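Peer 1: structure.txt is the file, holding compact mmCIF, C-alpha atoms and all ligand atoms:
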# COMPACT_ATOMS: atom_id res chain seq x y z
CA MET A 1 -181.64 -44.67 18.60
CA SER A 2 -180.87 -44.24 14.92
CA LYS A 3 -177.50 -42.75 14.01
CA HIS A 4 -179.19 -40.47 11.53
CA THR A 5 -180.38 -36.91 11.93
CA LYS A 6 -183.95 -37.56 10.74
CA LYS A 7 -185.14 -34.04 11.53
CA MET A 8 -185.87 -31.74 8.57
CA PRO A 9 -183.54 -28.76 8.27
CA ASP A 10 -185.11 -25.54 9.61
CA HIS A 11 -182.85 -23.23 7.62
CA ILE A 12 -181.53 -23.96 4.11
CA ALA A 13 -179.10 -21.59 2.42
CA ILE A 14 -178.25 -21.80 -1.29
CA ILE A 15 -175.39 -20.46 -3.40
CA MET A 16 -177.13 -20.24 -6.77
CA ASP A 17 -174.15 -20.76 -9.07
CA GLY A 18 -173.69 -21.59 -12.73
CA ASN A 19 -176.10 -19.24 -14.52
CA GLY A 20 -173.39 -17.97 -16.87
CA ARG A 21 -172.15 -21.46 -17.78
CA TRP A 22 -175.72 -22.66 -18.29
CA ALA A 23 -176.21 -19.86 -20.84
CA ASN A 24 -172.81 -20.32 -22.53
CA LYS A 25 -173.54 -23.99 -23.12
CA ARG A 26 -176.65 -22.94 -25.03
CA PHE A 27 -174.84 -20.19 -26.98
CA LEU A 28 -176.93 -17.62 -25.13
CA PRO A 29 -175.74 -14.41 -23.42
CA ARG A 30 -174.86 -14.86 -19.72
CA VAL A 31 -177.88 -12.81 -18.67
CA ALA A 32 -180.19 -15.45 -20.21
CA GLY A 33 -178.89 -17.76 -17.47
CA HIS A 34 -179.77 -15.24 -14.78
CA LYS A 35 -183.23 -14.81 -16.29
CA GLU A 36 -183.79 -18.57 -16.29
CA GLY A 37 -182.42 -18.62 -12.74
CA LEU A 38 -185.50 -16.70 -11.61
CA ASN A 39 -187.69 -19.67 -12.54
CA ALA A 40 -185.46 -21.89 -10.40
CA VAL A 41 -185.91 -19.41 -7.54
CA GLU A 42 -189.68 -19.67 -7.94
CA ARG A 43 -189.61 -23.50 -7.98
CA THR A 44 -187.31 -23.68 -4.98
CA VAL A 45 -189.33 -21.19 -2.91
CA GLN A 46 -192.54 -23.01 -3.69
CA THR A 47 -191.13 -26.46 -2.78
CA ALA A 48 -189.33 -25.26 0.36
CA SER A 49 -192.40 -23.46 1.62
CA ALA A 50 -194.72 -26.40 0.84
CA ILE A 51 -192.61 -28.89 2.79
CA GLY A 52 -192.33 -26.67 5.85
CA ILE A 53 -188.81 -25.21 5.67
CA LYS A 54 -188.68 -22.27 8.09
CA VAL A 55 -185.95 -20.15 6.46
CA LEU A 56 -184.59 -20.19 2.90
CA THR A 57 -181.62 -17.90 2.29
CA LEU A 58 -180.57 -17.27 -1.31
CA TYR A 59 -177.24 -15.69 -2.28
CA ALA A 60 -178.42 -13.34 -5.05
CA PHE A 61 -175.65 -10.73 -5.27
CA SER A 62 -172.33 -10.66 -3.45
CA THR A 63 -170.15 -7.70 -2.50
CA GLU A 64 -167.68 -9.09 -5.08
CA ASN A 65 -170.23 -9.22 -7.95
CA TRP A 66 -169.79 -5.45 -8.57
CA SER A 67 -166.58 -6.33 -10.44
CA ARG A 68 -168.54 -7.97 -13.29
CA PRO A 69 -169.05 -6.09 -16.58
CA SER A 70 -171.39 -3.15 -16.01
CA ASP A 71 -174.07 -4.52 -18.38
CA GLU A 72 -174.28 -7.71 -16.32
CA VAL A 73 -174.36 -5.81 -13.01
CA HIS A 74 -177.13 -3.64 -14.44
CA PHE A 75 -179.08 -6.77 -15.41
CA LEU A 76 -178.53 -8.38 -12.00
CA MET A 77 -179.87 -5.22 -10.35
CA LYS A 78 -183.06 -5.56 -12.37
CA LEU A 79 -183.65 -9.19 -11.33
CA PRO A 80 -185.18 -8.43 -7.93
CA ILE A 81 -187.54 -5.94 -9.64
CA ASP A 82 -188.67 -8.57 -12.18
CA PHE A 83 -188.93 -11.24 -9.51
CA PHE A 84 -191.00 -9.21 -7.06
CA ASN A 85 -193.22 -7.73 -9.80
CA ARG A 86 -194.07 -11.27 -10.84
CA PHE A 87 -194.15 -13.16 -7.58
CA VAL A 88 -195.18 -10.99 -4.64
CA PRO A 89 -198.87 -12.04 -4.93
CA GLN A 90 -197.77 -15.68 -5.03
CA LEU A 91 -195.47 -15.17 -2.02
CA ILE A 92 -198.35 -13.67 -0.05
CA GLU A 93 -200.58 -16.57 -1.07
CA GLN A 94 -197.89 -18.99 0.16
CA ASN A 95 -197.63 -16.97 3.39
CA VAL A 96 -193.91 -16.30 2.69
CA ARG A 97 -192.20 -13.36 4.41
CA VAL A 98 -189.37 -11.64 2.52
CA VAL A 99 -186.34 -10.28 4.37
CA THR A 100 -182.87 -9.28 3.20
CA ILE A 101 -179.30 -9.38 4.43
CA GLY A 102 -176.47 -7.26 3.04
CA THR A 103 -176.05 -3.57 2.35
CA ILE A 104 -179.28 -2.76 0.54
CA GLU A 105 -178.61 1.01 0.80
CA ASP A 106 -175.89 0.72 -1.85
CA LEU A 107 -178.18 -0.81 -4.48
CA PRO A 108 -179.75 1.37 -7.21
CA GLN A 109 -182.83 3.22 -5.91
CA ALA A 110 -185.30 1.29 -8.11
CA THR A 111 -183.94 -2.04 -6.81
CA GLN A 112 -184.14 -0.83 -3.23
CA ASN A 113 -187.72 0.34 -3.75
CA SER A 114 -188.77 -3.00 -5.16
CA VAL A 115 -187.09 -4.96 -2.37
CA ASN A 116 -188.48 -2.68 0.35
CA ARG A 117 -191.94 -2.98 -1.13
CA ALA A 118 -191.77 -6.80 -1.11
CA VAL A 119 -190.54 -6.75 2.51
CA GLU A 120 -193.36 -4.41 3.49
CA LEU A 121 -196.11 -6.31 1.63
CA THR A 122 -195.12 -9.67 3.13
CA LYS A 123 -194.25 -8.54 6.66
CA GLU A 124 -197.39 -10.07 8.20
CA CYS A 125 -196.78 -13.48 6.56
CA THR A 126 -196.15 -16.17 9.14
CA GLY A 127 -194.96 -19.08 6.99
CA MET A 128 -191.46 -19.51 5.55
CA THR A 129 -188.99 -16.64 5.72
CA LEU A 130 -187.36 -16.03 2.34
CA CYS A 131 -184.09 -14.20 2.87
CA PHE A 132 -182.30 -12.64 -0.11
CA ALA A 133 -178.60 -11.94 0.37
CA LEU A 134 -178.18 -8.81 -1.74
CA ASN A 135 -174.90 -6.94 -1.82
CA TYR A 136 -173.88 -9.36 0.91
CA GLY A 137 -170.43 -10.56 1.89
CA ALA A 138 -169.77 -12.43 5.12
CA GLN A 139 -166.45 -10.68 5.80
CA ASP A 140 -168.12 -7.33 5.26
CA ASP A 141 -170.98 -8.32 7.57
CA LEU A 142 -168.55 -9.48 10.28
CA LEU A 143 -166.51 -6.29 9.93
CA ARG A 144 -169.62 -4.14 10.35
CA ALA A 145 -170.67 -6.18 13.37
CA PHE A 146 -167.25 -5.72 15.01
CA GLN A 147 -167.25 -1.99 14.23
CA THR A 148 -170.70 -1.55 15.78
CA ILE A 149 -169.71 -3.56 18.85
CA GLN A 150 -166.53 -1.48 19.20
CA SER A 151 -168.47 1.79 18.91
CA LYS A 152 -170.79 0.71 21.71
CA GLU A 153 -167.87 0.36 24.17
CA LEU A 154 -169.73 -2.43 25.95
CA SER A 155 -168.94 -2.95 29.62
CA GLU A 156 -169.59 -6.69 29.34
CA PRO A 157 -167.09 -9.02 27.64
CA ILE A 158 -167.88 -9.86 24.02
CA THR A 159 -169.36 -13.33 23.57
CA LYS A 160 -170.31 -15.38 20.53
CA GLU A 161 -173.90 -14.29 21.17
CA THR A 162 -172.84 -10.60 21.03
CA ILE A 163 -171.30 -11.19 17.60
CA ALA A 164 -174.28 -13.19 16.31
CA ALA A 165 -176.65 -10.47 17.50
CA HIS A 166 -174.81 -7.86 15.41
CA LEU A 167 -174.73 -9.84 12.15
CA SER A 168 -177.38 -9.00 9.55
CA THR A 169 -178.63 -12.60 9.75
CA HIS A 170 -179.89 -11.81 13.26
CA VAL A 171 -183.28 -11.14 11.58
CA LEU A 172 -183.46 -14.92 11.03
CA ALA A 173 -183.14 -15.85 14.71
CA PRO A 174 -183.86 -18.40 16.15
CA PHE A 175 -182.80 -20.01 12.85
CA GLN A 176 -179.81 -17.78 12.18
CA ALA A 177 -177.44 -20.64 11.30
CA PRO A 178 -178.24 -22.70 8.19
CA ASP A 179 -178.61 -26.41 8.90
CA LEU A 180 -177.99 -27.24 5.25
CA LEU A 181 -175.98 -25.20 2.76
CA ILE A 182 -176.32 -26.09 -0.92
CA ARG A 183 -174.15 -24.92 -3.80
CA THR A 184 -175.02 -25.69 -7.40
CA SER A 185 -172.75 -26.03 -10.40
CA GLY A 186 -169.95 -28.15 -8.99
CA GLU A 187 -167.79 -25.50 -7.28
CA ILE A 188 -166.67 -26.58 -3.81
CA ARG A 189 -166.29 -23.28 -1.98
CA LEU A 190 -168.24 -20.86 0.21
CA SER A 191 -167.41 -17.64 -1.67
CA ASN A 192 -167.79 -15.34 1.35
CA PHE A 193 -171.30 -16.59 2.21
CA LEU A 194 -172.46 -16.93 5.85
CA LEU A 195 -168.95 -17.71 7.14
CA TRP A 196 -169.85 -17.35 10.83
CA GLU A 197 -173.29 -18.89 10.55
CA SER A 198 -172.20 -21.96 8.57
CA ALA A 199 -169.71 -23.16 11.20
CA TYR A 200 -171.67 -26.41 11.68
CA SER A 201 -173.81 -26.47 8.53
CA GLU A 202 -173.99 -29.62 6.48
CA LEU A 203 -172.64 -28.82 3.03
CA TYR A 204 -174.17 -30.22 -0.15
CA PHE A 205 -172.71 -29.71 -3.62
CA ILE A 206 -174.58 -30.56 -6.80
CA GLU A 207 -173.15 -30.53 -10.34
CA LYS A 208 -176.28 -29.08 -11.91
CA ALA A 209 -176.29 -25.39 -12.81
CA TRP A 210 -178.76 -23.21 -10.90
CA PRO A 211 -181.25 -22.70 -13.81
CA ASP A 212 -181.71 -26.52 -13.92
CA PHE A 213 -182.26 -26.89 -10.15
CA THR A 214 -185.69 -28.40 -9.38
CA GLY A 215 -187.92 -29.05 -6.40
CA ASP A 216 -186.84 -32.70 -6.56
CA ASP A 217 -183.17 -31.65 -6.32
CA LEU A 218 -184.05 -29.73 -3.18
CA LYS A 219 -185.86 -32.74 -1.73
CA GLN A 220 -182.87 -34.95 -2.56
CA ALA A 221 -180.53 -32.54 -0.75
CA ILE A 222 -182.84 -32.58 2.27
CA ASN A 223 -182.97 -36.36 2.20
CA HIS A 224 -179.17 -36.46 2.13
CA TYR A 225 -179.06 -34.06 5.08
CA MET A 226 -181.47 -36.22 7.06
CA HIS A 227 -179.12 -39.17 6.73
CA ARG A 228 -176.07 -37.36 7.98
CA GLU A 229 -174.81 -37.32 11.54
CA ARG A 230 -174.35 -33.90 13.12
CA ARG A 231 -171.84 -34.01 15.95
CA TYR A 232 -170.91 -30.32 16.43
CA GLY A 233 -167.36 -31.37 17.22
CA GLY A 234 -168.47 -33.81 19.90
CA LEU A 235 -169.62 -37.42 19.87
CA PHE A 236 -172.97 -38.46 18.43
CA LYS A 237 -175.77 -37.84 20.90
CA GLY A 238 -178.79 -38.21 18.62
CA GLY A 239 -181.29 -35.55 17.66
CA LYS A 240 -180.57 -32.68 15.34
C1 LIG A 301 -174.14 -17.05 -10.15
O1 LIG A 301 -173.99 -17.53 -11.45
C2 LIG A 301 -175.39 -16.34 -10.00
C3 LIG A 301 -175.52 -15.01 -9.73
C4 LIG A 301 -174.38 -14.11 -9.54
C5 LIG A 301 -176.86 -14.37 -9.63
C6 LIG A 301 -177.90 -15.23 -9.04
C7 LIG A 301 -179.19 -14.57 -8.98
C8 LIG A 301 -180.35 -15.14 -9.35
C9 LIG A 301 -180.48 -16.49 -9.89
C10 LIG A 301 -181.66 -14.45 -9.20
C11 LIG A 301 -181.77 -13.66 -7.96
C12 LIG A 301 -183.14 -13.36 -7.69
C13 LIG A 301 -183.59 -12.33 -6.96
C14 LIG A 301 -185.02 -12.21 -6.75
C15 LIG A 301 -182.71 -11.32 -6.36
P1 LIG A 301 -172.71 -17.09 -12.28
O2 LIG A 301 -173.09 -15.94 -13.13
O3 LIG A 301 -171.57 -16.84 -11.36
O4 LIG A 301 -172.47 -18.36 -13.15
P2 LIG A 301 -171.07 -18.85 -13.73
O5 LIG A 301 -170.24 -19.25 -12.54
O6 LIG A 301 -171.46 -20.01 -14.58
O7 LIG A 301 -170.48 -17.72 -14.50
Any chance you could give the structure as structure tokens?
Peer 2:
Amino acid sequence: MSKHTKKMPDHIAIIMDGNGRWANKRFLPRVAGHKEGLNAVERTVQTASAIGIKVLTLYAFSTENWSRPSDEVHFLMKLPIDFFNRFVPQLIEQNVRVVTIGTIEDLPQATQNSVNRAVELTKECTGMTLCFALNYGAQDDLLRAFQTIQSKELSEPITKETIAAHLSTHVLAPFQAPDLLIRTSGEIRLSNFLLWESAYSELYFIEKAWPDFTGDDLKQAINHYMHRERRYGGLFKGGK
């Protein structure tokens, strides 16, 4: 049997980094990078869905991003509205279901409305699940999970499954854990993204900034993944 994985990843997660630097290099305001980033989201969703990826999770706004200048935060809060206004018909056509992770309730009402509408309009879609991490932080998500578990005063001992079932990514089950985690723009860190779920993810870092990310870059990352060995701490046994 081949030493290589060969199987396509079911779940790909992406840290879309480098929008600000992309804009700075072009003497544009940072928000121009975020705006261009939406086109990269469209390309990536289209490619991932066309090649049969089951779950694509995109880190759109972290619990730490609130500390950016208020103009930028305001702009970032408008991005989901622009995106869904433009692309919901296309998502439905591609049979893509939108879900979210993170504390949506703390987003501005107009952003929440737009996100909820996209979730509602695509809920019957049976193709790829497109998960936006919005106001998401893995430590925050774990903390909430532990608090909920504690409040339930369970009689059974807590297991890894109990924890996984209380994380917001549970909506992605049976593909809760990303097989492949990509970060653009050359930074080699996880930045509080899917810390529990990425325990055995293959990590892929690309120098390109997010606005320049293409469908071919995604395919290259997948190809790289398919030639890696996944051992889950044990010895190679073949398969995924
Ligand atoms: C990181 O770049 C990017 C973000 C904080 C925002 C990413 C969001 C999108 C591309 C669009 C999201 C789309 C929807 C539909 C919600 P950065 O600003 O940290 O770049 P820098 O490190 O170069 O400053």
Peer 1: Report the closest atom pair, with its distance in Å rounded to one decimal, for each residue of chain A that has an atom no farther than 8 Å from ligand LIG 301 (chain A); count only C-alpha atoms and all ligand atoms, sort by chain and then rising residue number, and write it as a tab-separated table.
Peer 2:
residue	atom	partner	partner_atom	distance
A:Ile15	CA	A:LIG301	C1	7.7
A:Met16	CA	A:LIG301	C2	5.4
A:Asp17	CA	A:LIG301	C1	3.9
A:Gly18	CA	A:LIG301	O6	3.3
A:Asn19	CA	A:LIG301	O4	4.0
A:Gly20	CA	A:LIG301	O6	3.6
A:Arg21	CA	A:LIG301	O6	3.6
A:Trp22	CA	A:LIG301	O6	6.2
A:Ala23	CA	A:LIG301	O6	7.9
A:Arg30	CA	A:LIG301	O2	6.9
A:Val31	CA	A:LIG301	O2	8.0
A:Gly33	CA	A:LIG301	O2	7.5
A:His34	CA	A:LIG301	C9	5.1
A:Lys35	CA	A:LIG301	C9	7.2
A:Glu36	CA	A:LIG301	C9	7.5
A:Gly37	CA	A:LIG301	C9	4.1
A:Leu38	CA	A:LIG301	C10	5.1
A:Ala40	CA	A:LIG301	C9	7.4
A:Val41	CA	A:LIG301	C9	6.6
A:Leu58	CA	A:LIG301	C11	7.7
A:Tyr59	CA	A:LIG301	C6	6.8
A:Ala60	CA	A:LIG301	C7	4.2
A:Phe61	CA	A:LIG301	C4	5.6
A:Ser62	CA	A:LIG301	C4	7.3
A:Asn65	CA	A:LIG301	C4	6.6
A:Leu76	CA	A:LIG301	C5	6.7
A:Met77	CA	A:LIG301	C15	7.8
A:Leu79	CA	A:LIG301	C13	5.4
A:Pro80	CA	A:LIG301	C14	4.0
A:Ile81	CA	A:LIG301	C14	7.3
A:Asp82	CA	A:LIG301	C14	7.5
A:Phe83	CA	A:LIG301	C14	4.9
A:Phe84	CA	A:LIG301	C14	6.7
A:Phe132	CA	A:LIG301	C15	6.4
A:Ala133	CA	A:LIG301	C15	7.9
A:Leu134	CA	A:LIG301	C15	6.9
A:Ser185	CA	A:LIG301	O6	7.4
A:Ala209	CA	A:LIG301	O6	7.4
A:Trp210	CA	A:LIG301	C9	7.0
A:Pro211	CA	A:LIG301	C9	7.4
Peer 1: Within 7 Å of region 98-106 of chain A, counting only C-alpha atoms, which residues show up once you throw out same-chain ones fewer than 5 positions away? Write them as a ChimeraX atom specification, please.
Peer 2: /A:112,118-119,122,129-137,168-169
Peer 1: Suppose we keep C-alpha atoms; can you now write the selection as a PDB file, in the coordinates of the input?
Peer 2:
ATOM      1  CA  GLN A 112    -184.140  -0.830  -3.230  1.00  0.00           C
ATOM      2  CA  ALA A 118    -191.770  -6.800  -1.110  1.00  0.00           C
ATOM      3  CA  VAL A 119    -190.540  -6.750   2.510  1.00  0.00           C
ATOM      4  CA  THR A 122    -195.120  -9.670   3.130  1.00  0.00           C
ATOM      5  CA  THR A 129    -188.990 -16.640   5.720  1.00  0.00           C
ATOM      6  CA  LEU A 130    -187.360 -16.030   2.340  1.00  0.00           C
ATOM      7  CA  CYS A 131    -184.090 -14.200   2.870  1.00  0.00           C
ATOM      8  CA  PHE A 132    -182.300 -12.640  -0.110  1.00  0.00           C
ATOM      9  CA  ALA A 133    -178.600 -11.940   0.370  1.00  0.00           C
ATOM     10  CA  LEU A 134    -178.180  -8.810  -1.740  1.00  0.00           C
ATOM     11  CA  ASN A 135    -174.900  -6.940  -1.820  1.00  0.00           C
ATOM     12  CA  TYR A 136    -173.880  -9.360   0.910  1.00  0.00           C
ATOM     13  CA  GLY A 137    -170.430 -10.560   1.890  1.00  0.00           C
ATOM     14  CA  SER A 168    -177.380  -9.000   9.550  1.00  0.00           C
ATOM     15  CA  THR A 169    -178.630 -12.600   9.750  1.00  0.00           C
TER      16      THR A 169
END
Peer 1: Using all atoms listed in the file for the distances, tell me which of A:Gln94, A:Ser67, A:Leu203, A:His74 is nearest to Thr111 (chain A).
Peer 2: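 Closest residue, counting all atoms listed in the file: A:His74.
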Peer 1: Please determine, counting all atoms listed in the file, which residue among A:Ala221, A:Leu167, A:Leu235, A:Val55 has the shortest atom-to-atom distance to Trp196 (chain A).
Peer 2: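 Using all atoms listed in the file, the shortest distance to Trp196 (chain A) belongs to A:Leu167.
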Peer 1: Between CA of Cys125 (chain A) and CA of Met8 (chain A), what is the spacing in Å?
Peer 2: 21.4 Å
Peer 1: Considering all atoms listed in the file, can you say which of A:Ala138, A:Leu143, A:Pro69, A:Asp216 comes closest to Leu195 (chain A)?
Peer 2: A:Ala138
Peer 1: May I ask for the distance between CA of His227 (chain A) and CA of Asn192 (chain A), given in Å to one decimal place?
Peer 2: 26.9 Å
Peer 1: So the first atom is CA of Arg144 (chain A) and the second is CA of Arg68 (chain A); what is the distance between them in Å, to one decimal place?
Peer 2: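 So the two atoms, CA of Arg144 (chain A) and CA of Arg68 (chain A), lie 24.0 Å apart.
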Peer 1: Could you write out as JSON the box around region 138-151 of chain A (axis-aligned, all atoms listed in the file, 8 Å on each side), with centre and edge lengths in Å to one decimal?
Peer 2:
{"center_x": -168.7, "center_y": -5.3, "center_z": 12.2, "size_x": 20.5, "size_y": 30.2, "size_z": 30.1}
Peer 1: Counting all atoms listed in the file, which residue out of A:Ala199, A:Ile12, A:Ile158, A:Ile163 sits closest to Leu142 (chain A)?
Peer 2: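 Of A:Ala199, A:Ile12, A:Ile158, A:Ile163, the one nearest Leu142 (chain A), counting all atoms listed in the file, is A:Ile163.
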Peer 1: A:Met128, A:Leu91, A:Met226, A:Val171: which is nearest Ile51 (chain A), counting only C-alpha atoms?
Peer 2: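 Ranked by minimum distance to Ile51 (chain A), first place goes to A:Met128.
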Peer 1: I need the residue nearest Asn223 (chain A) from this list: A:Ala50, A:Leu154, A:Ala164, A:Leu180. Use only C-alpha atoms for the distance.
Peer 2: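 Smallest distance to Asn223 (chain A) is found for A:Leu180.
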Peer 1: Mind completing region 161-184 of chain A with N, CA and C atoms? Output as an mmCIF file, in the frame of the given file, please?
Peer 2:
data_model
loop_
_atom_site.group_PDB
_atom_site.id
_atom_site.type_symbol
_atom_site.label_atom_id
_atom_site.label_comp_id
_atom_site.auth_asym_id
_atom_site.auth_seq_id
_atom_site.Cartn_x
_atom_site.Cartn_y
_atom_site.Cartn_z
ATOM 1 N N GLU A 161 -172.520 -14.792 21.330
ATOM 2 C CA GLU A 161 -173.900 -14.290 21.170
ATOM 3 C C GLU A 161 -173.884 -12.800 20.796
ATOM 4 N N THR A 162 -172.926 -12.032 21.385
ATOM 5 C CA THR A 162 -172.840 -10.600 21.030
ATOM 6 C C THR A 162 -172.579 -10.471 19.542
ATOM 7 N N ILE A 163 -171.648 -11.279 19.027
ATOM 8 C CA ILE A 163 -171.300 -11.190 17.600
ATOM 9 C C ILE A 163 -172.511 -11.584 16.754
ATOM 10 N N ALA A 164 -173.122 -12.720 17.096
ATOM 11 C CA ALA A 164 -174.280 -13.190 16.310
ATOM 12 C C ALA A 164 -175.386 -12.138 16.284
ATOM 13 N N ALA A 165 -175.574 -11.453 17.404
ATOM 14 C CA ALA A 165 -176.650 -10.470 17.500
ATOM 15 C C ALA A 165 -176.388 -9.248 16.629
ATOM 16 N N HIS A 166 -175.126 -9.024 16.233
ATOM 17 C CA HIS A 166 -174.810 -7.860 15.410
ATOM 18 C C HIS A 166 -174.638 -8.198 13.924
ATOM 19 N N LEU A 167 -174.813 -9.466 13.566
ATOM 20 C CA LEU A 167 -174.730 -9.840 12.150
ATOM 21 C C LEU A 167 -176.095 -9.576 11.497
ATOM 22 N N SER A 168 -176.089 -9.334 10.178
ATOM 23 C CA SER A 168 -177.380 -9.000 9.550
ATOM 24 C C SER A 168 -178.324 -10.192 9.558
ATOM 25 N N THR A 169 -177.783 -11.410 9.692
ATOM 26 C CA THR A 169 -178.630 -12.600 9.750
ATOM 27 C C THR A 169 -179.407 -12.710 11.067
ATOM 28 N N HIS A 170 -179.166 -11.761 11.982
ATOM 29 C CA HIS A 170 -179.890 -11.810 13.260
ATOM 30 C C HIS A 170 -181.411 -11.776 13.028
ATOM 31 N N VAL A 171 -181.839 -11.175 11.893
ATOM 32 C CA VAL A 171 -183.280 -11.140 11.580
ATOM 33 C C VAL A 171 -183.855 -12.549 11.433
ATOM 34 N N LEU A 172 -182.988 -13.543 11.252
ATOM 35 C CA LEU A 172 -183.460 -14.920 11.030
ATOM 36 C C LEU A 172 -183.564 -15.729 12.325
ATOM 37 N N ALA A 173 -183.110 -15.137 13.431
ATOM 38 C CA ALA A 173 -183.140 -15.850 14.710
ATOM 39 C C ALA A 173 -184.580 -16.284 15.013
ATOM 40 N N PRO A 174 -184.814 -17.460 15.562
ATOM 41 C CA PRO A 174 -183.860 -18.400 16.150
ATOM 42 C C PRO A 174 -183.224 -19.374 15.144
ATOM 43 N N PHE A 175 -183.378 -19.099 13.853
ATOM 44 C CA PHE A 175 -182.800 -20.010 12.850
ATOM 45 C C PHE A 175 -181.687 -19.297 12.083
ATOM 46 N N GLN A 176 -180.836 -18.604 12.818
ATOM 47 C CA GLN A 176 -179.810 -17.780 12.180
ATOM 48 C C GLN A 176 -178.789 -18.622 11.414
ATOM 49 N N ALA A 177 -178.458 -19.793 11.933
ATOM 50 C CA ALA A 177 -177.440 -20.640 11.300
ATOM 51 C C ALA A 177 -178.113 -21.620 10.340
ATOM 52 N N PRO A 178 -177.639 -21.702 9.082
ATOM 53 C CA PRO A 178 -178.240 -22.700 8.190
ATOM 54 C C PRO A 178 -177.900 -24.116 8.646
ATOM 55 N N ASP A 179 -178.888 -25.006 8.607
ATOM 56 C CA ASP A 179 -178.610 -26.410 8.900
ATOM 57 C C ASP A 179 -177.973 -27.066 7.689
ATOM 58 N N LEU A 180 -178.429 -26.637 6.513
ATOM 59 C CA LEU A 180 -177.990 -27.240 5.250
ATOM 60 C C LEU A 180 -177.620 -26.115 4.293
ATOM 61 N N LEU A 181 -176.421 -26.203 3.734
ATOM 62 C CA LEU A 181 -175.980 -25.200 2.760
ATOM 63 C C LEU A 181 -175.703 -25.894 1.429
ATOM 64 N N ILE A 182 -176.415 -25.461 0.403
ATOM 65 C CA ILE A 182 -176.320 -26.090 -0.920
ATOM 66 C C ILE A 182 -175.603 -25.157 -1.880
ATOM 67 N N ARG A 183 -174.717 -25.712 -2.708
ATOM 68 C CA ARG A 183 -174.150 -24.920 -3.800
ATOM 69 C C ARG A 183 -174.318 -25.698 -5.102
ATOM 70 N N THR A 184 -174.841 -25.035 -6.107
ATOM 71 C CA THR A 184 -175.020 -25.690 -7.400
ATOM 72 C C THR A 184 -173.778 -25.488 -8.255
#
